[in-house]
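Next comes final_8.cif, with mmCIF, C-alpha atoms.
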```cif
data_protein
#
loop_
_atom_site.label_atom_id
_atom_site.label_comp_id
_atom_site.auth_asym_id
_atom_site.auth_seq_id
_atom_site.Cartn_x
_atom_site.Cartn_y
_atom_site.Cartn_z
CA MET A 1 20.73 34.03 -4.35
CA ILE A 2 23.25 35.13 -7.00
CA LEU A 3 25.75 32.51 -8.13
CA ASP A 4 29.28 33.59 -8.88
CA ALA A 5 30.99 32.86 -12.20
CA GLU A 6 33.15 30.08 -10.75
CA THR A 7 30.09 28.19 -9.47
CA LEU A 8 28.30 28.54 -12.80
CA TRP A 9 31.40 27.41 -14.70
CA ALA A 10 31.74 24.29 -12.56
CA SER A 11 27.99 23.54 -12.87
CA LEU A 12 27.85 23.81 -16.64
CA PRO A 13 26.68 20.33 -17.79
CA LEU A 14 28.51 20.46 -21.14
CA PRO A 15 32.28 19.89 -21.47
CA ALA A 16 33.81 23.35 -21.94
CA MET A 17 37.30 24.80 -22.21
CA VAL A 18 38.76 28.29 -22.44
CA ILE A 19 41.48 28.41 -25.12
CA ASP A 20 44.18 31.09 -25.00
CA GLY A 21 45.71 33.01 -27.90
CA ASP A 22 48.24 30.22 -28.59
CA ASP A 23 45.51 27.58 -28.96
CA ARG A 24 46.37 26.10 -25.58
CA ILE A 25 43.91 25.02 -22.89
CA GLU A 26 43.66 27.63 -20.16
CA GLU A 27 40.64 26.49 -18.13
CA THR A 28 38.46 23.34 -18.12
CA ASN A 29 35.17 22.88 -16.30
CA THR A 30 34.18 19.76 -14.34
CA ALA A 31 32.28 18.19 -17.26
CA GLY A 32 35.29 18.86 -19.47
CA GLU A 33 37.61 17.08 -17.04
CA GLN A 34 35.33 14.03 -17.14
CA PHE A 35 35.13 14.09 -20.94
CA MET A 36 38.90 14.49 -21.34
CA ASN A 37 39.58 12.00 -18.52
CA ALA A 38 42.14 14.40 -17.05
CA SER A 39 42.24 17.13 -14.41
CA ALA A 40 42.09 20.81 -15.27
CA LYS A 41 45.59 21.16 -13.83
CA ALA A 42 46.98 18.45 -16.14
CA LEU A 43 45.24 19.97 -19.16
CA LYS A 44 46.33 23.56 -18.49
CA GLY A 45 48.84 24.75 -21.09
CA GLN A 46 48.34 21.75 -23.40
CA PRO A 47 47.71 22.39 -27.14
CA VAL A 48 43.99 21.81 -27.51
CA TRP A 49 44.23 19.82 -30.74
CA ASP A 50 46.83 17.52 -29.16
CA ARG A 51 44.39 16.54 -26.41
CA LEU A 52 41.20 16.68 -28.46
CA LEU A 53 41.14 14.75 -31.75
CA VAL A 54 38.38 15.73 -34.18
CA ASP A 55 37.75 14.08 -37.56
CA ALA A 56 37.26 17.43 -39.31
CA PRO A 57 39.68 20.03 -40.71
CA LEU A 58 39.79 22.63 -37.94
CA ASP A 59 43.04 24.33 -38.87
CA GLY A 60 42.48 28.03 -38.43
CA ALA A 61 39.00 27.59 -36.87
CA LEU A 62 40.00 29.27 -33.62
CA GLY A 63 41.71 32.06 -35.52
CA ARG A 64 38.57 32.74 -37.58
CA VAL A 65 36.46 32.98 -34.42
CA ARG A 66 38.92 35.48 -32.94
CA GLU A 67 39.06 37.50 -36.14
CA ASN A 68 35.33 37.58 -36.89
CA ARG A 69 34.17 37.72 -33.25
CA ALA A 70 31.42 35.30 -34.27
CA LEU A 71 30.19 31.91 -33.07
CA LEU A 72 31.30 28.86 -35.09
CA PHE A 73 29.36 25.56 -35.13
CA VAL A 74 30.98 22.26 -36.15
CA ASN A 75 28.24 19.65 -36.37
CA ASP A 76 28.28 15.84 -36.51
CA VAL A 77 31.95 15.01 -35.96
CA ASP A 78 33.69 12.20 -34.09
CA VAL A 79 35.68 13.49 -31.13
CA THR A 80 38.28 11.47 -29.23
CA ALA A 81 39.99 12.41 -25.98
CA GLY A 82 42.84 10.31 -24.63
CA ASN A 83 42.24 6.57 -25.05
CA ARG A 84 38.45 6.86 -25.09
CA PRO A 85 36.39 5.58 -28.04
CA PRO A 86 35.22 8.38 -30.37
CA PHE A 87 31.99 10.19 -29.50
CA HIS A 88 29.62 11.62 -32.09
CA CYS A 89 29.53 15.31 -31.12
CA SER A 90 28.87 18.87 -32.14
CA LEU A 91 31.32 21.66 -31.27
CA GLN A 92 30.55 25.31 -30.50
CA ILE A 93 33.44 27.78 -30.57
CA ALA A 94 32.65 31.29 -29.33
CA PRO A 95 34.67 34.44 -28.70
CA VAL A 96 35.05 35.54 -25.09
CA SER A 97 33.61 39.00 -24.46
CA ASP A 98 36.15 41.81 -23.97
CA ASP A 99 39.07 39.45 -24.65
CA PRO A 100 40.13 39.15 -28.31
CA ALA A 101 42.60 36.32 -27.67
CA ARG A 102 40.54 33.81 -25.71
CA VAL A 103 37.78 31.61 -27.13
CA LEU A 104 35.29 29.24 -25.49
CA LEU A 105 35.02 25.67 -26.80
CA MET A 106 31.94 23.61 -25.83
CA ILE A 107 31.25 19.98 -26.75
CA THR A 108 27.77 18.48 -27.11
CA SER A 109 27.57 14.70 -27.37
CA ARG A 110 25.13 13.45 -30.01
CA GLU A 111 25.24 9.82 -28.82
CA ILE A 112 21.98 9.76 -26.88
CA ALA A 113 20.10 11.85 -29.44
CA ASP A 114 21.27 9.64 -32.31
CA ARG A 115 20.20 6.49 -30.53
CA LEU A 116 16.84 7.97 -29.57
CA GLU A 117 16.23 8.76 -33.24
CA ARG A 118 16.82 5.10 -34.09
CA SER A 119 14.91 3.66 -31.13
CA HIS A 120 11.52 3.58 -32.84
CA SER A 121 12.88 1.73 -35.88
CA VAL A 122 14.65 -0.79 -33.62
CA LYS A 123 11.44 -1.48 -31.68
CA SER A 124 9.55 -1.81 -34.95
CA ALA A 125 12.09 -4.33 -36.19
CA ALA A 126 11.71 -6.32 -32.96
CA LYS A 127 7.92 -6.37 -33.39
CA SER A 128 8.36 -7.60 -36.95
CA ALA A 129 10.60 -10.37 -35.64
CA ILE A 130 7.86 -11.40 -33.19
CA GLY A 131 5.29 -11.70 -35.97
CA MET A 132 7.74 -13.57 -38.15
CA ALA A 133 8.53 -15.95 -35.30
CA GLU A 134 4.89 -17.00 -35.01
CA MET A 135 4.65 -17.59 -38.76
CA LEU A 136 7.92 -19.53 -38.90
CA ALA A 137 7.00 -21.68 -35.90
CA HIS A 138 3.73 -22.86 -37.48
CA GLU A 139 4.79 -23.05 -41.11
CA ILE A 140 8.32 -24.43 -40.91
CA LYS A 141 8.92 -26.36 -37.66
CA ASN A 142 6.33 -29.08 -38.34
CA PRO A 143 7.56 -29.86 -41.90
CA LEU A 144 11.14 -29.88 -40.59
CA ALA A 145 10.20 -32.51 -38.01
CA GLY A 146 8.83 -34.65 -40.83
CA ILE A 147 11.96 -34.15 -42.93
CA THR A 148 14.17 -35.08 -39.98
CA GLY A 149 12.16 -38.24 -39.26
CA ALA A 150 12.16 -39.30 -42.89
CA ALA A 151 15.91 -38.81 -43.17
CA GLN A 152 16.49 -40.91 -40.05
CA LEU A 153 14.31 -43.73 -41.41
CA LEU A 154 16.02 -43.55 -44.79
CA SER A 155 19.46 -43.83 -43.20
CA MET A 156 18.56 -47.26 -41.77
CA SER A 157 18.46 -48.77 -45.26
CA LEU A 158 21.62 -47.10 -46.55
CA VAL A 159 25.19 -48.28 -46.49
CA GLU A 160 27.59 -46.45 -44.22
CA SER A 161 29.13 -44.36 -47.02
CA ASP A 162 25.72 -42.94 -48.03
CA ARG A 163 24.59 -42.03 -44.53
CA GLU A 164 26.63 -38.82 -44.60
CA LEU A 165 23.92 -37.17 -46.71
CA THR A 166 21.06 -38.17 -44.41
CA ASP A 167 23.11 -37.15 -41.38
CA LEU A 168 23.63 -33.77 -43.03
CA ILE A 169 19.86 -33.40 -43.56
CA VAL A 170 19.19 -34.22 -39.90
CA GLU A 171 21.94 -31.90 -38.63
CA GLU A 172 20.87 -28.92 -40.77
CA SER A 173 17.18 -29.43 -39.95
CA ARG A 174 17.95 -29.37 -36.24
CA ARG A 175 20.04 -26.23 -36.70
CA VAL A 176 17.13 -24.44 -38.36
CA VAL A 177 14.76 -25.54 -35.57
CA LYS A 178 17.19 -24.19 -32.99
CA LEU A 179 17.31 -20.87 -34.83
CA LEU A 180 13.50 -20.70 -34.88
CA GLU A 181 13.39 -21.40 -31.14
CA GLN A 182 15.70 -18.45 -30.54
CA VAL A 183 13.50 -16.20 -32.67
CA GLU A 184 10.46 -17.34 -30.68
CA GLN A 185 11.99 -15.89 -27.51
CA PHE A 186 10.87 -12.47 -28.69
CA GLY A 187 7.23 -13.55 -28.62
CA ASN A 188 7.41 -15.85 -25.61
CA LEU A 189 9.12 -13.39 -23.28
CA SER A 190 6.57 -12.42 -20.63
CA ALA A 191 6.21 -8.93 -19.22
CA PRO A 192 8.83 -8.29 -16.52
CA GLU A 193 7.74 -8.88 -12.92
CA LYS A 194 9.63 -6.00 -11.34
CA ALA A 195 10.92 -5.89 -7.80
CA PRO A 196 13.89 -4.30 -6.00
CA VAL A 197 17.00 -6.13 -7.25
CA ASN A 198 20.65 -5.84 -6.21
CA ILE A 199 22.62 -5.38 -9.44
CA HIS A 200 25.80 -6.83 -7.94
CA ASP A 201 24.06 -10.04 -6.85
CA LEU A 202 22.94 -10.61 -10.44
CA LEU A 203 26.39 -9.77 -11.81
CA ASP A 204 28.01 -12.25 -9.39
CA ARG A 205 25.61 -15.00 -10.47
CA ALA A 206 26.27 -14.25 -14.12
CA ARG A 207 30.05 -14.11 -13.59
CA LYS A 208 30.19 -17.45 -11.74
CA SER A 209 28.02 -19.15 -14.37
CA ALA A 210 30.13 -17.73 -17.20
CA LEU A 211 33.47 -18.78 -15.69
CA VAL A 212 32.46 -22.44 -15.46
CA GLY A 213 31.04 -22.42 -18.98
CA PHE A 214 31.41 -20.26 -22.07
CA ALA A 215 33.86 -17.79 -20.47
CA ALA A 216 36.20 -20.30 -18.85
CA HIS A 217 39.03 -18.96 -21.04
CA MET A 218 38.46 -15.36 -19.90
CA ARG A 219 39.42 -13.30 -16.87
CA ILE A 220 36.47 -11.40 -15.39
CA VAL A 221 37.35 -8.40 -13.21
CA GLU A 222 34.88 -6.76 -10.81
CA ASP A 223 34.93 -2.98 -10.51
CA TYR A 224 31.81 -2.22 -8.47
CA ASP A 225 30.44 0.82 -6.70
CA PRO A 226 29.15 -0.87 -3.53
CA SER A 227 26.92 2.08 -2.66
CA LEU A 228 24.52 1.55 -5.59
CA PRO A 229 20.88 1.21 -4.46
CA PRO A 230 18.64 -1.57 -5.84
CA THR A 231 17.25 -1.32 -9.35
CA TRP A 232 13.64 -1.96 -10.36
CA ALA A 233 13.75 -5.09 -12.50
CA ASP A 234 12.78 -8.67 -13.16
CA GLY A 235 15.78 -10.48 -11.73
CA ASP A 236 15.57 -13.49 -14.05
CA GLN A 237 15.27 -11.40 -17.20
CA MET A 238 18.07 -9.05 -16.19
CA LEU A 239 20.26 -12.05 -15.38
CA GLN A 240 19.62 -13.24 -18.95
CA VAL A 241 20.78 -9.84 -20.22
CA PHE A 242 24.01 -10.02 -18.21
CA LEU A 243 24.71 -13.58 -19.34
CA ASN A 244 24.13 -12.67 -22.99
CA LEU A 245 26.54 -9.73 -22.78
CA LEU A 246 29.20 -11.85 -21.06
CA LYS A 247 28.77 -14.54 -23.71
CA ASN A 248 29.06 -11.95 -26.47
CA ALA A 249 32.33 -10.65 -25.00
CA ALA A 250 33.72 -14.17 -24.49
CA GLU A 251 32.89 -15.29 -28.03
CA ALA A 252 34.49 -12.14 -29.45
CA ASN A 253 37.77 -13.14 -27.76
CA PRO A 254 38.22 -16.90 -28.37
CA LYS A 255 41.92 -16.82 -27.45
CA GLY A 256 41.23 -15.33 -24.04
CA GLY A 257 41.23 -11.86 -22.59
CA THR A 258 39.69 -9.72 -19.87
CA ILE A 259 36.11 -8.66 -19.23
CA ARG A 260 35.65 -5.84 -16.71
CA LEU A 261 32.31 -5.44 -14.95
CA HIS A 262 32.01 -1.78 -13.96
CA THR A 263 29.12 -0.23 -12.04
CA TYR A 264 28.66 3.41 -11.08
CA TYR A 265 26.11 6.14 -10.40
CA ASP A 266 25.37 8.76 -13.09
CA LEU A 267 22.54 11.30 -12.96
CA THR A 268 22.99 12.70 -16.48
CA LEU A 269 20.56 10.38 -18.34
CA ARG A 270 16.81 10.86 -18.15
CA LEU A 271 14.34 9.40 -20.66
CA ARG A 272 10.65 9.87 -21.30
CA ARG A 273 8.53 6.72 -21.18
CA ALA A 274 5.69 5.89 -23.56
CA ASP A 275 3.17 7.23 -21.02
CA GLY A 276 4.90 10.61 -21.08
CA GLN A 277 6.44 10.28 -17.63
CA GLY A 278 10.12 11.08 -17.31
CA VAL A 279 12.38 8.49 -15.69
CA SER A 280 15.92 8.90 -14.38
CA LEU A 281 18.42 6.12 -15.17
CA PRO A 282 21.27 6.64 -12.69
CA LEU A 283 22.42 3.03 -12.24
CA VAL A 284 25.01 2.14 -14.86
CA VAL A 285 26.49 -1.29 -15.62
CA GLU A 286 29.32 -1.60 -18.14
CA PHE A 287 30.66 -4.77 -19.77
CA ILE A 288 34.15 -3.89 -21.06
CA ASP A 289 36.23 -6.35 -23.09
CA ASP A 290 39.59 -6.13 -24.86
CA GLY A 291 38.52 -8.02 -27.99
CA PRO A 292 38.79 -6.94 -31.62
CA GLY A 293 35.77 -4.64 -31.48
CA LEU A 294 32.63 -4.50 -33.60
CA PRO A 295 32.90 -4.37 -37.41
CA PRO A 296 32.31 -0.71 -38.34
CA ALA A 297 29.73 -1.69 -40.97
CA ILE A 298 27.31 -3.08 -38.35
CA ALA A 299 28.23 -1.13 -35.21
CA ALA A 300 25.29 1.29 -35.55
CA ASP A 301 22.77 -1.55 -36.05
CA ILE A 302 24.12 -4.14 -33.63
CA PHE A 303 20.89 -4.25 -31.59
CA ASP A 304 18.71 -4.94 -34.65
CA PRO A 305 17.47 -8.52 -35.13
CA PHE A 306 19.62 -10.70 -37.40
CA VAL A 307 22.63 -8.36 -37.32
CA SER A 308 25.74 -10.24 -36.18
CA GLY A 309 29.48 -9.72 -36.30
CA ARG A 310 30.25 -13.45 -36.16
CA GLU A 311 30.25 -15.81 -39.11
CA ASN A 312 27.81 -18.27 -37.52
CA GLY A 313 25.96 -15.77 -35.34
CA THR A 314 22.17 -15.50 -35.47
CA GLY A 315 22.05 -11.80 -34.55
CA LEU A 316 19.35 -12.45 -31.96
CA GLY A 317 21.23 -12.28 -28.64
CA LEU A 318 21.80 -8.51 -28.60
CA ALA A 319 18.36 -7.82 -30.07
CA LEU A 320 16.84 -9.75 -27.16
CA VAL A 321 19.07 -7.84 -24.73
CA SER A 322 17.84 -4.54 -26.18
CA LYS A 323 14.22 -5.65 -25.95
CA ILE A 324 14.50 -6.67 -22.28
CA VAL A 325 16.34 -3.49 -21.28
CA SER A 326 13.75 -1.38 -23.11
CA GLU A 327 10.89 -3.11 -21.31
CA HIS A 328 12.62 -2.22 -18.02
CA ASP A 329 12.54 1.49 -19.01
CA GLY A 330 16.32 1.26 -19.35
CA TRP A 331 18.80 2.22 -22.04
CA ILE A 332 21.69 0.33 -23.65
CA THR A 333 24.51 1.72 -25.79
CA VAL A 334 27.79 0.44 -27.17
CA ASP A 335 31.15 2.11 -27.82
CA SER A 336 33.66 0.03 -29.73
CA VAL A 337 37.17 0.40 -31.08
CA PRO A 338 39.72 -2.37 -31.64
CA GLY A 339 40.90 -3.54 -28.23
CA ARG A 340 38.07 -1.95 -26.24
CA THR A 341 34.31 -2.53 -26.48
CA ILE A 342 31.89 -1.19 -23.87
CA PHE A 343 28.25 -2.24 -23.59
CA ARG A 344 26.65 0.24 -21.21
CA ILE A 345 23.26 -0.33 -19.54
CA SER A 346 21.49 2.47 -17.65
CA LEU A 347 18.70 1.39 -15.28
CA PRO A 348 16.22 3.10 -12.93
CA MET A 349 16.33 2.89 -9.16
CA ALA A 350 13.68 0.93 -7.28
CA PRO A 351 10.95 3.31 -6.01
CA LYS A 352 11.05 4.10 -2.30
CA SER A 353 7.55 2.71 -1.85
CA ALA A 354 8.72 -0.71 -3.07
CA LEU A 355 11.76 -0.64 -0.77
CA ASN A 356 9.58 0.27 2.22
CA THR A 357 7.18 -2.57 1.43
CA GLU A 358 10.07 -5.02 1.16
CA GLU A 359 11.46 -3.92 4.51
CA GLN A 360 8.07 -4.38 6.19
CA THR A 361 7.75 -7.91 4.85
#
```
Could you render the structure from this file as C-alpha cells?
Amino acid sequence: MILDAETLWASLPLPAMVIDGDDRIEETNTAGEQFMNASAKALKGQPVWDRLLVDAPLDGALGRVRENRALLFVNDVDVTAGNRPPFHCSLQIAPVSDDPARVLLMITSREIADRLERSHSVKSAAKSAIGMAEMLAHEIKNPLAGITGAAQLLSMSLVESDRELTDLIVEESRRVVKLLEQVEQFGNLSAPEKAPVNIHDLLDRARKSALVGFAAHMRIVEDYDPSLPPTWADGDQMLQVFLNLLKNAAEANPKGGTIRLHTYYDLTLRLRRADGQGVSLPLVVEFIDDGPGLPPAIAADIFDPFVSGRENGTGLGLALVSKIVSEHDGWITVDSVPGRTIFRISLPMAPKSALNTEEQT
C-alpha cells in the first residue's frame, strides 16, 4: 500500500509548517495544530514569527535557508505558541525541493529527553534521602524527645515571663521531629499494591477532601474525559499523590484562585522500564492552577528532595509525589509561568488480564 503525501503529512508526529516566500504560514500538519493550539485554517497566512515565539535571534534564518538551499538546525531554545508555557525545543528549517521560496519548519520538543536525562540523578537523590532518614530517625529523634521533656520540666519551676524560652525549645523540637517524620515517608512507603483503579474516583475523593480542608479557599473545576479506562495503580498511594498536588496548588495561591483537574488520553509517551520492557503511558492527569508560578531558579529541580518554593516548605511533598509516580511506571512533569502552572502525570492502563479477572470476581 502506497500512502499519498497528504496522509504522510497528517501522520507526521512532529509539529511541522510550510512557510511561504513572505515568511507566512502556508500549511500546518495535525501535530503542528496541536502544538500551536490553533487550526491550520486559522494559521494560514499568519506571519510565522508572530505565532511562534523563539528565544533566539532568527532574523534572516529563513532567508539563509532559501539562499543556501541547506538545512539549518536551531538547538536548545524555548518556544512559545499562543498562551502556552514555553517548551524546550530544537528547530529544523529545510528548503522544499523544486521550490526556492518555500521552506519546511519542524519542531522537536526536548522536554521528555531533558527530564529523562535528569531522572537517574533524581532517583539517586531520593535514595540518599531514604538513607539519611534512617540515620536521622535513630540519631536525632531520641535526643530531641529528651530535650523536649527536660524543657517541659524546667518550665514548671520558672516564672511566667521566663517560660517563653522553654516553650520555644519545645515548639522547635516538635517541628524538627515533624520534619524527620516526613523524611521517613521515603523509607516507610511500601511497594504499591496495584489493581485496576478509576482515576476519576480518586480525583473526586481528593477534591472533596481538599475543599473541606486546605483548599477551602479555592475553586476546583473538573474537566474529565469520561471514556478513560482504569489505570494500574495502588489507589491509596495515588490518592496521596493527588492530595499532595492539590495542596501544593492551594498553598501557592493563599488568596484564592482556581484549580482545574483535566484528564485526557494521549498515546505519544512511551517509556522503558528498568527491566527493559517498554510501557505506554496514555492516561494523563493535569493539575492546573492560576497561582504565581514556580520560581525560575528551582523550576528544573522541583522534584528533588528539600527543594521548595515556599519560605517554610520542607521540599518533601513533590519529591514523594515523584517517587510514587515513578514506582507506578508513570511520569510527572511541570510547566510553569506566572498565572499558569501545570503538573502533568502520565500513567499506564490496567492490563486486560487484570480487568478480566476483576470482572469474573
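Computed from the coordinates, the atom CA of A:Phe87 to atom CA of A:Ile342 distance equals 12.7 Å.
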Run the PyMOL selection byres ((chain A and resi 330) around 8) on the file and write out the hits as a PDB file with C-alpha atoms, in the coordinates of the input.
```
ATOM      1  CA  LEU A 281      18.420   6.120 -15.170  1.00  0.00           C
ATOM      2  CA  VAL A 325      16.340  -3.490 -21.280  1.00  0.00           C
ATOM      3  CA  SER A 326      13.750  -1.380 -23.110  1.00  0.00           C
ATOM      4  CA  GLU A 327      10.890  -3.110 -21.310  1.00  0.00           C
ATOM      5  CA  HIS A 328      12.620  -2.220 -18.020  1.00  0.00           C
ATOM      6  CA  ASP A 329      12.540   1.490 -19.010  1.00  0.00           C
ATOM      7  CA  TRP A 331      18.800   2.220 -22.040  1.00  0.00           C
ATOM      8  CA  ILE A 332      21.690   0.330 -23.650  1.00  0.00           C
ATOM      9  CA  ILE A 345      23.260  -0.330 -19.540  1.00  0.00           C
ATOM     10  CA  SER A 346      21.490   2.470 -17.650  1.00  0.00           C
ATOM     11  CA  LEU A 347      18.700   1.390 -15.280  1.00  0.00           C
ATOM     12  CA  PRO A 348      16.220   3.100 -12.930  1.00  0.00           C
TER      13      PRO A 348
END
```
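Atom pair atom CA of A:Ser109 / atom CA of A:Gln92 has a distance of 11.5 Å (rounded to one decimal).
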Using the chain letters and numbers from this file, what does the PyMOL selection byres ((chain A and resi 94) around 12) select? Give the answer as a PyMOL selection string. chain A and resi 16-19+61-74+91-93+95-97+99-107
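The two atoms in question, atom CA of A:Ala350 and atom CA of A:Val321, are spaced 20.3 Å apart.
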Option closest in space to A:Val177, from A:Met156, A:Ala5, A:Leu144, A:Leu202 [counting all atoms listed in the file]: A:Leu144
Evaluate the PyMOL selection byres ((chain A and resi 205-216) around 12) on the structure here and hand back the selected residues as a PyMOL selection string. chain A and resi 198-204+217-222+235-261+287+289
Can you list, as a VMD selection string, every protein, DNA or RNA residue that comes within 7 Å of A:Arg24 when you count only C-alpha atoms, leaving out same-chain residues fewer than 2 positions away? chain A and resid 19 to 20 22 26 45 to 48
Output C-alpha atoms for every residue in that selection, as a short mmCIF file (atom, residue, chain, number, x, y, z; two decimals), keeping the file's coordinate frame.
```cif
data_model
loop_
_atom_site.label_atom_id
_atom_site.label_comp_id
_atom_site.auth_asym_id
_atom_site.auth_seq_id
_atom_site.Cartn_x
_atom_site.Cartn_y
_atom_site.Cartn_z
CA ILE A 19 41.48 28.41 -25.12
CA ASP A 20 44.18 31.09 -25.00
CA ASP A 22 48.24 30.22 -28.59
CA GLU A 26 43.66 27.63 -20.16
CA GLY A 45 48.84 24.75 -21.09
CA GLN A 46 48.34 21.75 -23.40
CA PRO A 47 47.71 22.39 -27.14
CA VAL A 48 43.99 21.81 -27.51
#
```
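Using all atoms listed in the file for every distance, the candidate list A:Gly339, A:Pro86, A:Gly317, A:Pro15 yields A:Gly339 as the residue closest to A:Ile288.
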Would you mind putting back N, CA and C atoms on stretch 159-174 of chain A, then writing it out as a PDB file, in the coordinates of the input?
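That gives us result_12.pdb:
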```pdb
ATOM      1  N   VAL A 159      23.869 -47.841 -46.916  1.00  0.00           N
ATOM      2  CA  VAL A 159      25.190 -48.280 -46.490  1.00  0.00           C
ATOM      3  C   VAL A 159      25.890 -47.124 -45.775  1.00  0.00           C
ATOM      4  N   GLU A 160      26.916 -47.440 -45.053  1.00  0.00           N
ATOM      5  CA  GLU A 160      27.590 -46.450 -44.220  1.00  0.00           C
ATOM      6  C   GLU A 160      28.066 -45.249 -45.018  1.00  0.00           C
ATOM      7  N   SER A 161      28.573 -45.461 -46.226  1.00  0.00           N
ATOM      8  CA  SER A 161      29.130 -44.360 -47.020  1.00  0.00           C
ATOM      9  C   SER A 161      28.055 -43.376 -47.473  1.00  0.00           C
ATOM     10  N   ASP A 162      26.795 -43.828 -47.573  1.00  0.00           N
ATOM     11  CA  ASP A 162      25.720 -42.940 -48.030  1.00  0.00           C
ATOM     12  C   ASP A 162      25.012 -42.228 -46.882  1.00  0.00           C
ATOM     13  N   ARG A 163      25.292 -42.616 -45.658  1.00  0.00           N
ATOM     14  CA  ARG A 163      24.590 -42.030 -44.530  1.00  0.00           C
ATOM     15  C   ARG A 163      25.051 -40.596 -44.227  1.00  0.00           C
ATOM     16  N   GLU A 164      26.163 -40.184 -44.834  1.00  0.00           N
ATOM     17  CA  GLU A 164      26.630 -38.820 -44.600  1.00  0.00           C
ATOM     18  C   GLU A 164      25.601 -37.801 -45.068  1.00  0.00           C
ATOM     19  N   LEU A 165      24.914 -38.113 -46.179  1.00  0.00           N
ATOM     20  CA  LEU A 165      23.920 -37.170 -46.710  1.00  0.00           C
ATOM     21  C   LEU A 165      22.703 -37.084 -45.804  1.00  0.00           C
ATOM     22  N   THR A 166      22.208 -38.221 -45.312  1.00  0.00           N
ATOM     23  CA  THR A 166      21.060 -38.170 -44.410  1.00  0.00           C
ATOM     24  C   THR A 166      21.435 -37.538 -43.077  1.00  0.00           C
ATOM     25  N   ASP A 167      22.652 -37.792 -42.618  1.00  0.00           N
ATOM     26  CA  ASP A 167      23.110 -37.150 -41.380  1.00  0.00           C
ATOM     27  C   ASP A 167      23.161 -35.639 -41.550  1.00  0.00           C
ATOM     28  N   LEU A 168      23.574 -35.205 -42.752  1.00  0.00           N
ATOM     29  CA  LEU A 168      23.630 -33.770 -43.030  1.00  0.00           C
ATOM     30  C   LEU A 168      22.223 -33.166 -43.004  1.00  0.00           C
ATOM     31  N   ILE A 169      21.243 -33.880 -43.573  1.00  0.00           N
ATOM     32  CA  ILE A 169      19.860 -33.400 -43.560  1.00  0.00           C
ATOM     33  C   ILE A 169      19.365 -33.237 -42.113  1.00  0.00           C
ATOM     34  N   VAL A 170      19.625 -34.255 -41.295  1.00  0.00           N
ATOM     35  CA  VAL A 170      19.190 -34.220 -39.900  1.00  0.00           C
ATOM     36  C   VAL A 170      19.861 -33.071 -39.147  1.00  0.00           C
ATOM     37  N   GLU A 171      21.177 -32.922 -39.342  1.00  0.00           N
ATOM     38  CA  GLU A 171      21.940 -31.900 -38.630  1.00  0.00           C
ATOM     39  C   GLU A 171      21.470 -30.494 -39.011  1.00  0.00           C
ATOM     40  N   GLU A 172      21.282 -30.250 -40.326  1.00  0.00           N
ATOM     41  CA  GLU A 172      20.870 -28.920 -40.770  1.00  0.00           C
ATOM     42  C   GLU A 172      19.426 -28.617 -40.366  1.00  0.00           C
ATOM     43  N   SER A 173      18.570 -29.628 -40.375  1.00  0.00           N
ATOM     44  CA  SER A 173      17.180 -29.430 -39.950  1.00  0.00           C
ATOM     45  C   SER A 173      17.129 -29.045 -38.476  1.00  0.00           C
ATOM     46  N   ARG A 174      17.920 -29.693 -37.668  1.00  0.00           N
ATOM     47  CA  ARG A 174      17.950 -29.370 -36.240  1.00  0.00           C
ATOM     48  C   ARG A 174      18.515 -27.969 -36.006  1.00  0.00           C
TER      49      ARG A 174
END
```
